[in-house]
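*Asks:* Please find structure21.txt (compact mmCIF, C-alpha atoms) on the next line:
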# COMPACT_ATOMS: atom_id res chain seq x y z
CA MET F 1 0.00 0.00 0.00
CA PHE F 2 2.88 2.39 0.76
CA ASP F 3 6.21 3.03 -0.90
CA TYR F 4 7.72 5.03 1.98
CA ILE F 5 7.25 5.26 5.73
CA ILE F 6 8.08 8.49 7.53
CA VAL F 7 8.28 8.60 11.30
CA GLY F 8 7.40 12.09 12.53
CA ALA F 9 5.27 14.93 11.08
CA GLY F 10 7.49 17.89 11.95
CA PHE F 11 9.44 19.98 9.45
CA SER F 12 11.86 17.23 8.44
CA GLY F 13 9.31 14.49 7.92
CA SER F 14 6.68 16.71 6.33
CA VAL F 15 9.02 18.23 3.75
CA MET F 16 10.25 14.77 2.83
CA ALA F 17 6.67 13.46 2.53
CA GLU F 18 5.65 16.35 0.30
CA ARG F 19 8.62 15.83 -2.02
CA ILE F 20 8.03 12.09 -2.32
CA ALA F 21 4.32 12.56 -3.03
CA ASN F 22 4.73 15.38 -5.54
CA GLU F 23 8.07 14.64 -7.19
CA LEU F 24 7.97 10.85 -7.27
CA ASN F 25 4.20 10.29 -7.19
CA LYS F 26 4.76 7.61 -4.55
CA LYS F 27 2.56 6.72 -1.58
CA VAL F 28 3.71 7.80 1.87
CA LEU F 29 2.61 6.79 5.35
CA ILE F 30 3.47 9.27 8.11
CA ILE F 31 3.41 7.91 11.65
CA GLU F 32 3.19 10.61 14.33
CA LYS F 33 3.02 9.95 18.07
CA ARG F 34 1.38 13.26 18.92
CA ARG F 35 -2.24 14.14 18.26
CA HIS F 36 -1.29 16.74 15.67
CA ILE F 37 1.01 17.47 12.76
CA ALA F 38 3.69 20.23 12.61
CA GLY F 39 5.91 18.95 15.43
CA ASN F 40 7.24 21.61 17.78
CA VAL F 41 5.98 24.45 15.58
CA TYR F 42 2.36 23.39 16.08
CA ASP F 43 0.18 26.41 16.77
CA ARG F 44 -3.46 26.71 17.81
CA TYR F 45 -6.09 29.22 18.85
CA ASP F 46 -6.53 29.36 22.62
CA GLU F 47 -9.82 29.81 24.46
CA SER F 48 -9.72 33.57 23.87
CA GLY F 49 -9.17 33.16 20.13
CA LEU F 50 -5.49 34.12 20.24
CA LEU F 51 -3.04 32.21 18.04
CA VAL F 52 -0.32 30.70 20.25
CA HIS F 53 2.63 28.36 19.74
CA GLN F 54 2.05 25.27 21.85
CA TYR F 55 5.76 24.47 22.24
CA GLY F 56 7.20 27.95 22.58
CA PRO F 57 7.86 30.74 20.09
CA HIS F 58 9.12 29.90 16.61
CA ILE F 59 10.12 32.75 14.31
CA PHE F 60 11.01 31.72 10.81
CA HIS F 61 14.15 33.24 9.32
CA THR F 62 16.60 32.18 6.64
CA ARG F 63 19.29 33.47 4.33
CA VAL F 64 18.51 30.75 1.82
CA LYS F 65 16.12 31.91 -0.89
CA TYR F 66 15.18 28.44 -2.12
CA VAL F 67 14.04 27.46 1.38
CA TRP F 68 11.87 30.58 1.61
CA ASP F 69 10.51 29.99 -1.89
CA TYR F 70 9.76 26.36 -1.13
CA LEU F 71 7.67 27.17 1.96
CA SER F 72 6.02 30.08 0.15
CA GLN F 73 4.18 27.49 -1.97
CA TYR F 74 2.19 26.62 1.15
CA THR F 75 1.76 29.92 2.94
CA ASP F 76 1.64 33.66 2.60
CA TRP F 77 3.79 35.54 5.09
CA TYR F 78 3.32 38.11 7.79
CA LEU F 79 6.61 39.98 7.39
CA TYR F 80 7.82 40.13 10.97
CA HIS F 81 11.24 41.07 12.35
CA HIS F 82 11.83 39.73 15.83
CA HIS F 83 13.12 41.99 18.61
CA VAL F 84 14.37 40.78 21.99
CA LEU F 85 15.17 42.72 25.13
CA GLY F 86 17.16 41.41 28.09
CA SER F 87 16.49 42.42 31.68
CA VAL F 88 19.91 43.54 32.95
CA ASP F 89 20.53 45.60 36.09
CA GLY F 90 16.98 46.92 36.09
CA ASN F 91 17.06 47.96 32.43
CA LYS F 92 15.57 46.36 29.33
CA ALA F 93 18.42 46.27 26.80
CA PRO F 94 18.52 44.99 23.19
CA ILE F 95 19.68 41.39 22.66
CA PRO F 96 21.99 40.27 21.05
CA PHE F 97 24.36 42.71 22.67
CA ASN F 98 24.99 45.56 20.21
CA LEU F 99 25.99 49.23 20.18
CA ASN F 100 22.53 50.29 21.38
CA THR F 101 22.89 47.89 24.31
CA LEU F 102 26.16 49.59 25.26
CA TYR F 103 24.44 52.94 25.68
CA THR F 104 21.45 51.42 27.50
CA LEU F 105 23.52 49.71 30.19
CA LEU F 106 26.65 51.84 30.56
CA PRO F 107 27.41 55.53 31.18
CA THR F 108 27.57 57.48 27.93
CA HIS F 109 31.29 58.25 28.13
CA THR F 110 32.13 54.59 28.84
CA ALA F 111 29.88 53.37 26.03
CA ALA F 112 31.41 55.87 23.57
CA LYS F 113 34.94 54.78 24.49
CA LEU F 114 34.08 51.11 24.00
CA GLU F 115 32.25 51.80 20.75
CA ASP F 116 35.33 53.56 19.37
CA LYS F 117 37.59 50.68 20.35
CA LEU F 118 35.23 48.07 18.86
CA LEU F 119 35.02 49.94 15.58
CA ARG F 120 38.78 50.40 15.36
CA ALA F 121 39.49 46.76 16.17
CA PHE F 122 36.76 45.00 14.17
CA GLY F 123 34.88 47.45 11.94
CA TYR F 124 31.15 48.08 11.65
CA ASN F 125 28.27 45.66 11.10
CA VAL F 126 30.20 42.58 12.20
CA LYS F 127 29.55 40.00 14.91
CA VAL F 128 32.46 39.30 17.22
CA PRO F 129 32.32 36.17 19.40
CA ILE F 130 33.03 36.78 23.07
CA LEU F 131 35.86 34.25 22.85
CA LYS F 132 37.58 36.45 20.28
CA LEU F 133 36.97 39.57 22.37
CA ARG F 134 38.44 37.86 25.43
CA ASN F 135 41.61 37.14 23.48
CA THR F 136 42.32 40.75 22.52
CA ASP F 137 45.16 42.65 24.16
CA ASP F 138 42.93 45.62 24.99
CA VAL F 139 41.99 45.74 28.68
CA ASP F 140 38.73 47.60 28.06
CA LEU F 141 37.53 45.12 25.43
CA LYS F 142 38.41 42.23 27.72
CA TRP F 143 36.32 43.91 30.42
CA LEU F 144 33.42 44.25 27.97
CA ALA F 145 33.63 40.57 27.10
CA GLU F 146 33.44 39.65 30.78
CA PHE F 147 30.58 42.09 31.35
CA VAL F 148 28.48 40.56 28.56
CA TYR F 149 29.38 37.05 29.69
CA GLU F 150 28.38 37.70 33.31
CA LYS F 151 25.30 39.86 32.74
CA VAL F 152 23.77 38.32 29.62
CA PHE F 153 25.10 34.83 29.06
CA LEU F 154 26.19 33.06 32.24
CA ASN F 155 22.98 32.77 34.25
CA TYR F 156 20.75 32.35 31.20
CA THR F 157 22.90 29.44 30.07
CA THR F 158 22.92 27.90 33.54
CA LYS F 159 19.12 27.98 33.65
CA GLN F 160 18.73 26.78 30.08
CA TRP F 161 21.10 23.81 30.29
CA GLY F 162 21.14 23.03 34.01
CA MET F 163 24.92 23.37 34.04
CA ARG F 164 27.51 26.10 33.83
CA PRO F 165 28.94 27.10 30.45
CA GLU F 166 32.32 25.51 31.15
CA GLU F 167 30.55 22.13 31.45
CA LEU F 168 29.26 22.46 27.88
CA ASP F 169 31.11 22.25 24.61
CA PRO F 170 33.42 25.32 24.47
CA LEU F 171 31.85 26.27 21.15
CA VAL F 172 28.68 27.23 23.02
CA THR F 173 30.53 30.08 24.75
CA GLY F 174 32.40 30.95 21.61
CA ARG F 175 29.22 31.55 19.66
CA VAL F 176 27.95 34.34 21.94
CA PRO F 177 28.34 37.48 19.84
CA ILE F 178 28.68 41.18 20.32
CA TYR F 179 27.12 42.78 17.27
CA ILE F 180 28.96 45.96 16.28
CA SER F 181 25.91 47.59 14.76
CA ARG F 182 22.82 49.67 15.51
CA ASP F 183 20.64 46.90 14.10
CA ASP F 184 18.39 45.81 16.98
CA ARG F 185 16.78 42.89 15.19
CA TYR F 186 17.36 39.48 16.75
CA PHE F 187 18.00 37.98 13.29
CA GLN F 188 19.64 39.68 10.32
CA ASP F 189 18.64 37.12 7.71
CA ALA F 190 17.30 38.35 4.37
CA TYR F 191 14.03 36.41 4.72
CA GLN F 192 12.04 36.66 7.96
CA GLY F 193 8.40 36.19 8.76
CA MET F 194 5.56 34.15 10.17
CA PRO F 195 3.14 31.95 8.20
CA GLN F 196 0.16 34.26 7.81
CA LYS F 197 -2.41 31.71 8.97
CA GLY F 198 -0.03 29.88 11.28
CA TYR F 199 2.38 26.97 11.03
CA THR F 200 -0.29 24.29 11.38
CA ALA F 201 -2.22 25.67 8.42
CA MET F 202 1.00 25.68 6.38
CA PHE F 203 1.64 22.03 7.25
CA GLU F 204 -1.94 21.09 6.38
CA ARG F 205 -1.41 22.48 2.88
CA MET F 206 2.00 20.81 2.59
CA LEU F 207 0.60 17.40 3.52
CA GLY F 208 -2.72 17.73 1.69
CA HIS F 209 -1.74 15.37 -1.12
CA PRO F 210 -3.75 12.24 -1.96
CA ASN F 211 -0.57 10.13 -1.82
CA ILE F 212 0.03 11.03 1.84
CA ARG F 213 -1.65 9.21 4.72
CA ILE F 214 -1.11 10.25 8.34
CA MET F 215 -1.51 8.16 11.48
CA LEU F 216 -1.66 10.44 14.52
CA ASN F 217 -1.42 9.44 18.17
CA THR F 218 0.56 6.36 17.14
CA ASP F 219 3.85 5.01 18.41
CA TYR F 220 5.79 3.84 15.34
CA ARG F 221 6.96 0.78 17.30
CA GLU F 222 3.38 -0.48 17.26
CA VAL F 223 3.29 -0.35 13.46
CA ILE F 224 6.75 -1.11 12.11
CA LYS F 225 9.37 -3.58 13.30
CA ALA F 226 13.03 -3.46 12.32
CA ASP F 227 15.24 -6.54 12.52
CA TRP F 228 18.70 -5.04 12.48
CA GLU F 229 20.47 -8.38 12.28
CA ARG F 230 18.53 -9.59 9.24
CA LYS F 231 18.18 -6.09 7.74
CA ALA F 232 14.43 -6.50 7.43
CA VAL F 233 11.43 -4.26 8.14
CA THR F 234 7.78 -5.19 8.57
CA LEU F 235 4.76 -2.87 8.38
CA PHE F 236 1.68 -4.23 10.17
CA GLY F 237 3.48 -7.59 10.22
CA VAL F 238 4.02 -7.65 6.43
CA PRO F 239 7.50 -7.30 4.88
CA PHE F 240 8.19 -3.71 3.81
CA ARG F 241 10.92 -3.04 1.26
CA GLY F 242 10.63 0.70 0.79
CA LYS F 243 12.67 3.28 2.63
CA VAL F 244 11.94 4.38 6.19
CA ILE F 245 12.67 8.05 6.83
CA PHE F 246 13.15 8.26 10.57
CA THR F 247 12.98 11.64 12.36
CA GLY F 248 12.52 10.35 15.91
CA LYS F 249 15.07 9.70 18.66
CA ILE F 250 17.92 7.60 17.33
CA ASP F 251 18.63 6.01 20.72
CA GLU F 252 15.01 4.88 20.97
CA LEU F 253 15.25 3.33 17.50
CA PHE F 254 17.95 1.01 18.86
CA ASP F 255 16.24 0.36 22.20
CA TYR F 256 18.91 2.44 24.00
CA GLU F 257 21.58 -0.18 23.27
CA TYR F 258 24.39 2.28 24.02
CA GLY F 259 22.49 4.23 26.66
CA GLU F 260 20.20 7.23 26.51
CA LEU F 261 21.15 10.43 24.74
CA PRO F 262 20.44 13.32 27.11
CA TYR F 263 18.27 16.33 26.29
CA ARG F 264 16.89 19.40 27.96
CA SER F 265 13.16 19.92 28.08
CA LEU F 266 10.89 22.91 28.73
CA ARG F 267 7.75 23.70 30.68
CA PHE F 268 5.47 26.43 29.35
CA GLN F 269 3.17 28.59 31.42
CA PHE F 270 0.56 30.37 29.31
CA GLU F 271 -1.36 33.38 30.63
CA THR F 272 -4.13 35.30 28.87
CA LEU F 273 -4.36 38.89 30.07
CA HIS F 274 -7.31 41.23 29.68
CA GLN F 275 -5.21 43.97 28.10
CA GLU F 276 -4.03 44.73 24.58
CA ARG F 277 -0.28 44.63 25.24
CA PHE F 278 1.99 43.19 27.91
CA GLN F 279 5.48 44.14 26.72
CA ASN F 280 7.10 46.32 24.06
CA VAL F 281 8.68 43.54 21.99
CA GLY F 282 8.01 39.93 21.11
CA THR F 283 10.37 38.42 23.70
CA VAL F 284 12.03 39.63 26.89
CA ASN F 285 14.86 37.51 28.33
CA TYR F 286 15.44 37.26 32.07
CA PRO F 287 19.00 35.96 32.44
CA ASN F 288 19.48 36.95 36.06
CA GLU F 289 16.02 36.96 37.65
CA TYR F 290 13.32 34.33 38.17
CA ASP F 291 13.32 30.66 37.26
CA PHE F 292 12.01 31.21 33.73
CA THR F 293 14.34 32.30 30.94
CA ARG F 294 12.03 34.47 28.86
CA ILE F 295 8.50 35.76 28.25
CA THR F 296 7.05 35.88 24.76
CA GLU F 297 3.91 37.77 23.74
CA PHE F 298 2.40 36.12 20.68
CA LYS F 299 0.54 39.11 19.22
CA HIS F 300 3.86 40.71 18.35
CA LEU F 301 4.78 37.61 16.36
CA THR F 302 1.47 37.04 14.59
CA GLY F 303 0.23 40.61 14.08
CA GLN F 304 -3.17 39.49 15.35
CA GLN F 305 -5.60 42.24 16.40
CA HIS F 306 -7.37 41.35 19.66
CA GLY F 307 -8.47 43.08 22.83
CA TYR F 308 -6.65 40.50 24.99
CA THR F 309 -3.12 39.15 24.83
CA THR F 310 -1.51 35.79 25.63
CA ILE F 311 2.02 35.41 26.94
CA VAL F 312 4.13 32.37 27.71
CA LYS F 313 6.90 31.92 30.27
CA GLU F 314 9.55 29.27 29.57
CA TYR F 315 10.97 27.14 32.36
CA PRO F 316 13.87 24.89 31.33
CA GLN F 317 13.86 21.48 32.98
CA ALA F 318 15.42 18.07 32.80
CA TYR F 319 14.22 15.68 30.12
CA ILE F 320 12.98 12.37 31.55
CA LYS F 321 11.51 10.14 28.85
CA ASP F 322 8.87 8.36 30.94
CA VAL F 323 7.69 11.31 33.06
CA GLU F 324 4.68 13.19 31.75
CA GLY F 325 5.41 16.87 31.35
CA GLN F 326 9.14 16.25 31.03
CA ASN F 327 9.14 13.80 28.16
CA ILE F 328 9.57 16.16 25.20
CA PRO F 329 13.22 16.32 24.10
CA TYR F 330 13.88 19.86 22.87
CA TYR F 331 17.64 20.41 22.99
CA PRO F 332 20.48 17.91 22.51
CA ILE F 333 23.09 18.64 25.18
CA PRO F 334 26.39 19.67 23.53
CA ARG F 335 29.03 17.65 25.34
CA PRO F 336 31.75 15.50 23.71
CA GLU F 337 30.67 12.27 25.41
CA ASN F 338 27.11 12.74 24.11
CA GLN F 339 28.39 13.19 20.58
CA GLU F 340 30.48 10.03 20.91
CA ARG F 341 27.41 8.05 22.01
CA TYR F 342 25.36 9.44 19.14
CA GLU F 343 28.05 8.44 16.66
CA LYS F 344 27.79 4.81 17.82
CA TYR F 345 24.09 4.85 16.97
CA ARG F 346 24.71 6.67 13.69
CA ASP F 347 27.35 4.16 12.61
CA LYS F 348 25.04 1.25 13.37
CA ALA F 349 22.24 2.87 11.37
CA LYS F 350 24.55 3.20 8.35
CA GLU F 351 24.68 -0.59 8.14
CA PHE F 352 21.01 -0.65 7.10
CA ASP F 353 20.48 1.64 4.11
CA GLN F 354 16.72 1.08 4.12
CA PHE F 355 16.68 3.69 6.90
CA VAL F 356 17.32 7.41 6.32
CA LEU F 357 18.01 9.42 9.48
CA LEU F 358 16.78 12.98 9.31
CA GLY F 359 16.20 15.86 11.72
CA ARG F 360 17.10 17.07 15.18
CA LEU F 361 16.35 13.89 17.11
CA ALA F 362 17.61 11.38 14.57
CA GLU F 363 20.84 13.32 14.01
CA TYR F 364 21.18 14.62 17.58
CA LYS F 365 21.74 18.14 16.36
CA TYR F 366 19.90 21.38 17.03
CA TYR F 367 18.84 22.50 13.56
CA ASP F 368 17.06 25.80 13.04
CA MET F 369 13.82 25.48 11.13
CA ASP F 370 15.29 26.61 7.83
CA ALA F 371 18.14 24.15 8.23
CA CYS F 372 15.61 21.35 8.77
CA VAL F 373 13.92 22.28 5.50
CA ALA F 374 17.21 22.59 3.60
CA ARG F 375 18.49 19.26 4.89
CA ALA F 376 15.24 17.46 4.07
CA LEU F 377 15.31 18.85 0.53
CA ARG F 378 18.94 17.81 0.13
CA LEU F 379 18.50 14.30 1.53
CA PHE F 380 15.45 13.80 -0.68
CA GLU F 381 17.64 14.45 -3.71
CA GLU F 382 20.57 12.37 -2.44
CA LYS F 383 19.04 9.44 -0.58
CA VAL F 384 15.50 9.13 -1.92
CA LYS F 385 15.09 10.52 -5.43
CA GLY F 386 18.62 9.52 -6.40
CA GLY F 387 18.03 5.96 -5.24
CA THR F 388 14.58 5.48 -6.73
CA GLN F 389 14.18 2.63 -9.17
CA GLU F 390 11.72 3.53 -11.92
In structure tokens, write the structure found in this file.
*Replies:*
Amino acid sequence: MFDYIIVGAGFSGSVMAERIANELNKKVLIIEKRRHIAGNVYDRYDESGLLVHQYGPHIFHTRVKYVWDYLSQYTDWYLYHHHVLGSVDGNKAPIPFNLNTLYTLLPTHTAAKLEDKLLRAFGYNVKVPILKLRNTDDVDLKWLAEFVYEKVFLNYTTKQWGMRPEELDPLVTGRVPIYISRDDRYFQDAYQGMPQKGYTAMFERMLGHPNIRIMLNTDYREVIKADWERKAVTLFGVPFRGKVIFTGKIDELFDYEYGELPYRSLRFQFETLHQERFQNVGTVNYPNEYDFTRITEFKHLTGQQHGYTTIVKEYPQAYIKDVEGQNIPYYPIPRPENQERYEKYRDKAKEFDQFVLLGRLAEYKYYDMDACVARALRLFEEKVKGGTQE
């Protein structure tokens, strides 16, 4: 009945399903354990009629035109540029740290001196990683690097990951930038926006092909069985010889043979307020106060006109696979030993080319949304279309 099985109806699986159905005219079965499509970008209207993101805010942005053009087949866009403020020393300052942030948090003469030194050392409209700033010979720029690290990065990271930055891969610290610019936007990509009718509506159009069937609220292990020794797959107990595109947890696929891969999870607290606006920008970060990391107000993101507003507070927490409320794996934890464990699973999967691993969970890598789309399009060409026997 089906030529391909796809496990997971998020970005990775849905793009792959659409390509197979439209480009190859093959039949696809999508198996999704949740009660809805669209994965972590699933959005819905709450009881007040406000469009909210069930799993936290997702702002689409990309520098890659073909990714934008691909998704534009399935949605019109609300052209939105995201702005973030950080609560630092009683002030709300632009994030990422930029020249405007300097003047918000520091005395004018100090900010001007640092701005001059940054411009002389690095130029304008460039992003300088803190690691690079720390390694300069200039005492003032070293001080600035430590200031940003302590006030903006350290405590936020500790809350987000449940460990101090030095316990993570050093690249995590190295990626924290100071943006030598007056551009206050959180992203500087050429293409930015929100699906005009929401992500779920976009996915419904993407998957609305007669060759695509979707099983929701279904654990794939109840439907397909993989015999890794014999290199055989069954679907509903019948041999299946097509490809399986797997976007779920790779350690679960192998019954945790090499141990669990750790993740961080999140708890969301939604509040609907009887007022038109709660905050001045889409998201405000709280690196140094409270247990939550940030508050997002959805009306900024969606452009929706409504007399009320809904906000969400994000509380990072441990991921525990069998505990309700903590069993959604959001972020792979970037530590060398975790990467080594993942590579054992990856190498074993390579032995069975009927399986294609795709996406954040299957590849144990935090892809942005546009990267998920780009990778799915690329793997379709390389692993699926390229290997199709006509």
*Asks:* Skip Ile59 of chain F itself and residues of its chain fewer than 2 positions away, then list as a PyMOL selection string all residues within 8 Å of it, counting only C-alpha atoms.
*Replies:* chain F and resi 57+61+82+192-194+301
*Asks:* With distances taken over all atoms listed in the file, which residue among F:Val88, F:Leu50, F:Leu154, F:Leu102 lies nearest Leu168 of chain F?
*Replies:* F:Leu154
*Asks:* I need the residue nearest Phe246 of chain F from this list: F:Val373, F:Arg221, F:Asn211, F:Lys159. Use all atoms listed in the file for the distance.
*Replies:*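 Result for the nearest residue to Phe246 of chain F: F:Arg221.
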*Asks:* Which residue out of F:Phe355, F:Phe278, F:Phe380, F:Tyr256 has the minimum interatomic distance to Lys299 of chain F when only C-alpha atoms are used?
*Replies:*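 Looking only at the distances to Lys299 of chain F, the closest residue turns out to be F:Phe278.
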*Asks:* Any idea what's packed within 9 Å of Pro336 of chain F, counting only C-alpha atoms, ignoring anything in its chain fewer than 3 positions away? Could you give it as number ranges by chain?
*Replies:* F: 168-169, 339-341
*Asks:* Could you give me, as a list of chain:residue names, the residues within 9 Å of Arg182 of chain F, counting all atoms listed in the file and dropping anything in the same chain fewer than 5 positions from it?
*Replies:*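 The contact residues come out as F:Asn98, F:Leu99, F:Asn100, F:Thr101, F:Asn125.
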